[in-house]
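So the structure is just underneath, and the comments pick up after that.
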Amino acid sequence: MAIAGFGTTQIRYDMFDVERSADEARRLAKCERIYHRGQEMAWDGKEILPMLLEKHGGIRIDDEKKEALKRVFAIIMWGELAAWKISAQLADGLVPLEAKMGATSQAFDEARHFYVMHDYLRELGYIPKRLDRAPQALLDLVLDTPNLAYKLLGMQLMIETIALTIFQTVREINVEPVIAELMKYYERDEARHVGLGMQYLPSLMVGMNRREISALITFQVRILAWALAELKVLEKDFAVLGLEPRVVLDRGRRKQMAALQEALSALGARTTRERDYAAATLKGIVEVVFPTPETQRPLDRARAAWREFWAHDDLHSMHEFDVHSAHAIQTARGVIVPGEQEATVTPIIAPAA
Ligand SMILES: [Fe+2]
Ligand SMILES: [Fe+2]
């Protein structure tokens with residue numbers, strides 16, 4: 001306890017003492033870059049949403065789709081609040097300057113995502129209410145854990161990749177023109193947040209023993225199980241909007257594996273077996289929860305689950321994320337920031353005519 005300037009303090013005078021390998025120094029420099037990039041790329045939600053509403057003549061969508069859109073994006077809205085709180089927890093808890101800066105800029109972005117989504121949902125006539133059990137449980141897992149590695153894995157690598165997948169798919173099928181265009185702004189920000197997880201998670205994992213890594217993987221499997229339960233809750237709304245759950249799942253899994261593989265590559269091969277176990281468990285569960293037309297019978301589902309559990313999981317490329325930084329956006333400084341590169345991932349769903 002701190003008394004009159006004596007005793008312990010929350011000011012971490014040791015924040016510059018951390019010894020860094022060349023690899024860690026490089027990763028921390030990227031975390032710092034996330035802060036500065038976030039500042040350059042900040043957009044003004046009070047300018048962009050009205051601009052998009054005017055451009056497209058307001059939100060025009062039939063009632064059935066409107067209700068589905070409300071339910072899907074209500075989860076996103078409360079998810080943005082959770083992301084805001086979790087990035088603020090990380091901004092407080094992470095010690096090295098660069099990681100703290102990265103998390104702080106994320107908190108700034110998530111505040112914007114939350115109020116803009118609230119403004120958009122108000123246009124749709126949504127009245128805020130409590131979430132269903134599955135999305136609530138998913139967010140609570142990451143909000144409540146005191147372990148910063150669990151938070152970074154759960155939010156930046158697992159939940160943000162699911163959000164990116166939904167944003168990308170909603171944009172590609174052009175569910176509704178205002179939200180579709182708004183998603184470009186969200187995608188550019190969220191891709192940076194996944195970057196923070198990839199760059200800093202190895203530093204939080206480096207001192208973990210085998211038992212601690214196994215516990216982390218168990219936490220990951222719990223997150224994935226609740227995320228699947230959430231997609232199951234949304235299945236009917238996805239169908240109304242024209243989103244195919246298995247397409248979303250497959251795409252989300254590829255992004256999650258790419259981000260995880262990138263983060264874990266910094267730690268060498270010792271986590272390979274556990275990583276494959278988590279991925280394989282998810283693939284098996286997907287076959288049971290989201291059967292295809294060929295696997296409607298329980299026995300066929302079980303066979304598909306068994307096959308997927310043991311199937312070799314390929315290496316996934318970081319190109320999975322290129323599509324999110326390919327959009328030009330208008331920033332709060334009044335300039336258009338061009339896309340970083342042409343998207344190398346071809347849309348797997350044709351945009352609506
Ligand atoms: Fe966000
Ligand atoms: Fe985010």
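Note on naming: chains are A, B, ... as they come in the structure tokens, residues start from 1 per chain, ligands start from 1 in the order shown.
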Could you tell me, counting only C-alpha atoms and all ligand atoms, which protein and nucleic acid residues lie no more than 12 Å from ligand 2, written as a VMD selection string?
chain A and resid 38 76 to 77 79 to 88 102 to 114 152 154 to 164 167 185 to 197
Residues near Leu243 of chain A, anyone? I mean within 9 Å using only C-alpha atoms, not counting same-chain ones fewer than 6 positions away, as a ChimeraX atom specification.
/A:166,169-170,173,175,235,237
As a PyMOL selection string, please: the residues near segment 261-268 of chain A (cut-off 6 Å, only C-alpha atoms, same-chain neighbours under 4 positions excluded).
chain A and resi 198+202+257
Would you mind exporting the chosen residues as an mmCIF file, in the first residue's frame, restricted to all heavy atoms?
```cif
data_model
loop_
_atom_site.group_PDB
_atom_site.id
_atom_site.type_symbol
_atom_site.label_atom_id
_atom_site.label_comp_id
_atom_site.auth_asym_id
_atom_site.auth_seq_id
_atom_site.Cartn_x
_atom_site.Cartn_y
_atom_site.Cartn_z
ATOM 1 N N MET A 198 -1.027 -10.288 -31.814
ATOM 2 C CA MET A 198 0.021 -11.119 -32.423
ATOM 3 C C MET A 198 1.406 -10.687 -31.966
ATOM 4 O O MET A 198 2.272 -11.507 -31.714
ATOM 5 C CB MET A 198 -0.064 -11.021 -33.951
ATOM 6 C CG MET A 198 -1.276 -11.725 -34.512
ATOM 7 S SD MET A 198 -1.250 -11.820 -36.315
ATOM 8 C CE MET A 198 -1.233 -10.110 -36.779
ATOM 9 N N PRO A 202 3.328 -13.272 -27.474
ATOM 10 C CA PRO A 202 4.528 -14.067 -27.186
ATOM 11 C C PRO A 202 5.269 -13.582 -25.937
ATOM 12 O O PRO A 202 5.787 -14.387 -25.164
ATOM 13 C CB PRO A 202 5.394 -13.893 -28.441
ATOM 14 C CG PRO A 202 4.434 -13.534 -29.516
ATOM 15 C CD PRO A 202 3.332 -12.746 -28.855
ATOM 16 N N MET A 257 -6.392 -19.017 -36.890
ATOM 17 C CA MET A 257 -5.205 -19.863 -36.953
ATOM 18 C C MET A 257 -4.012 -19.074 -37.489
ATOM 19 O O MET A 257 -2.893 -19.225 -37.008
ATOM 20 C CB MET A 257 -5.468 -21.096 -37.830
ATOM 21 C CG MET A 257 -6.407 -22.109 -37.195
ATOM 22 S SD MET A 257 -5.832 -22.629 -35.562
ATOM 23 C CE MET A 257 -7.136 -22.032 -34.514
#
```
Given only C-alpha atoms and all ligand atoms as the counted atoms, nearest of A:Ala29, A:Ile59, A:Leu138, A:Ile75 to ligand 1
A:Ile75
Using only C-alpha atoms, I'd like a table of the residues in segment 66-159 of chain A that come within 12 Å of segment 178-181 of chain A; for each, show the closest atom pair and its distance in Å rounded to one decimal, ordered by chain and ascending number, as JSON lines.
```
{"residue": "A:Lys66", "atom": "CA", "partner": "A:Ile179", "partner_atom": "CA", "distance": 11.7}
{"residue": "A:Leu69", "atom": "CA", "partner": "A:Ile179", "partner_atom": "CA", "distance": 9.6}
{"residue": "A:Lys70", "atom": "CA", "partner": "A:Ile179", "partner_atom": "CA", "distance": 11.4}
{"residue": "A:Val72", "atom": "CA", "partner": "A:Ile179", "partner_atom": "CA", "distance": 12.0}
{"residue": "A:Phe73", "atom": "CA", "partner": "A:Ile179", "partner_atom": "CA", "distance": 9.8}
{"residue": "A:Val116", "atom": "CA", "partner": "A:Ile179", "partner_atom": "CA", "distance": 10.7}
{"residue": "A:Met117", "atom": "CA", "partner": "A:Ile179", "partner_atom": "CA", "distance": 9.4}
{"residue": "A:Asp119", "atom": "CA", "partner": "A:Ile179", "partner_atom": "CA", "distance": 11.5}
{"residue": "A:Tyr120", "atom": "CA", "partner": "A:Ile179", "partner_atom": "CA", "distance": 8.1}
{"residue": "A:Leu121", "atom": "CA", "partner": "A:Ile179", "partner_atom": "CA", "distance": 10.0}
{"residue": "A:Glu123", "atom": "CA", "partner": "A:Val178", "partner_atom": "CA", "distance": 10.9}
{"residue": "A:Leu124", "atom": "CA", "partner": "A:Ile179", "partner_atom": "CA", "distance": 11.0}
```
DSSP says helix (DSSP H, G or I) for which residues of segment 15-212 of chain A? Put them as an MDAnalysis selection string?
chainID A and resid 15:16 22:41 45:55 63:93 97:124 133:144 148:173 177:205 210:212
Top pick for closest residue to Ala68 of chain A, considering A:Leu234, A:Leu148, A:Val289, A:Ala311 and counting only C-alpha atoms:
A:Leu234
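Of the listed residues A:Arg210, A:Arg33, A:Lys255, A:Lys184, the one whose atoms come nearest to Ala326 of chain A is A:Lys184, with distances taken using only C-alpha atoms.
One finds atom CA of Val221 of chain A at 23.7 Å from atom CA of Thr295 of chain A.
Distances here use only C-alpha atoms and all ligand atoms; by that measure, the residue among A:Thr292, A:Lys55, A:Tyr115, A:Ile336 closest to ligand 1 is A:Tyr115.
Near Lys100 of chain A, within a cut-off of 9 Å and counting only C-alpha atoms, sit the residues Cys31, Glu32, Leu90, Ala91, Asp92, Gly93 and Leu94 of chain A, with same-chain residues fewer than 6 positions away left out.
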Atoms to include: C-alpha atoms. Write the selected residues as a tab-separated table (two decimals), in the first residue's frame.
```
chain	number	residue	atom	x	y	z
A	31	CYS	CA	3.09	-2.22	-30.92
A	32	GLU	CA	4.24	1.40	-30.72
A	90	LEU	CA	-4.74	-4.01	-20.92
A	91	ALA	CA	-3.66	-0.36	-21.20
A	92	ASP	CA	-3.54	-0.29	-17.39
A	93	GLY	CA	-1.97	-3.71	-16.87
A	94	LEU	CA	0.66	-4.05	-19.61
```
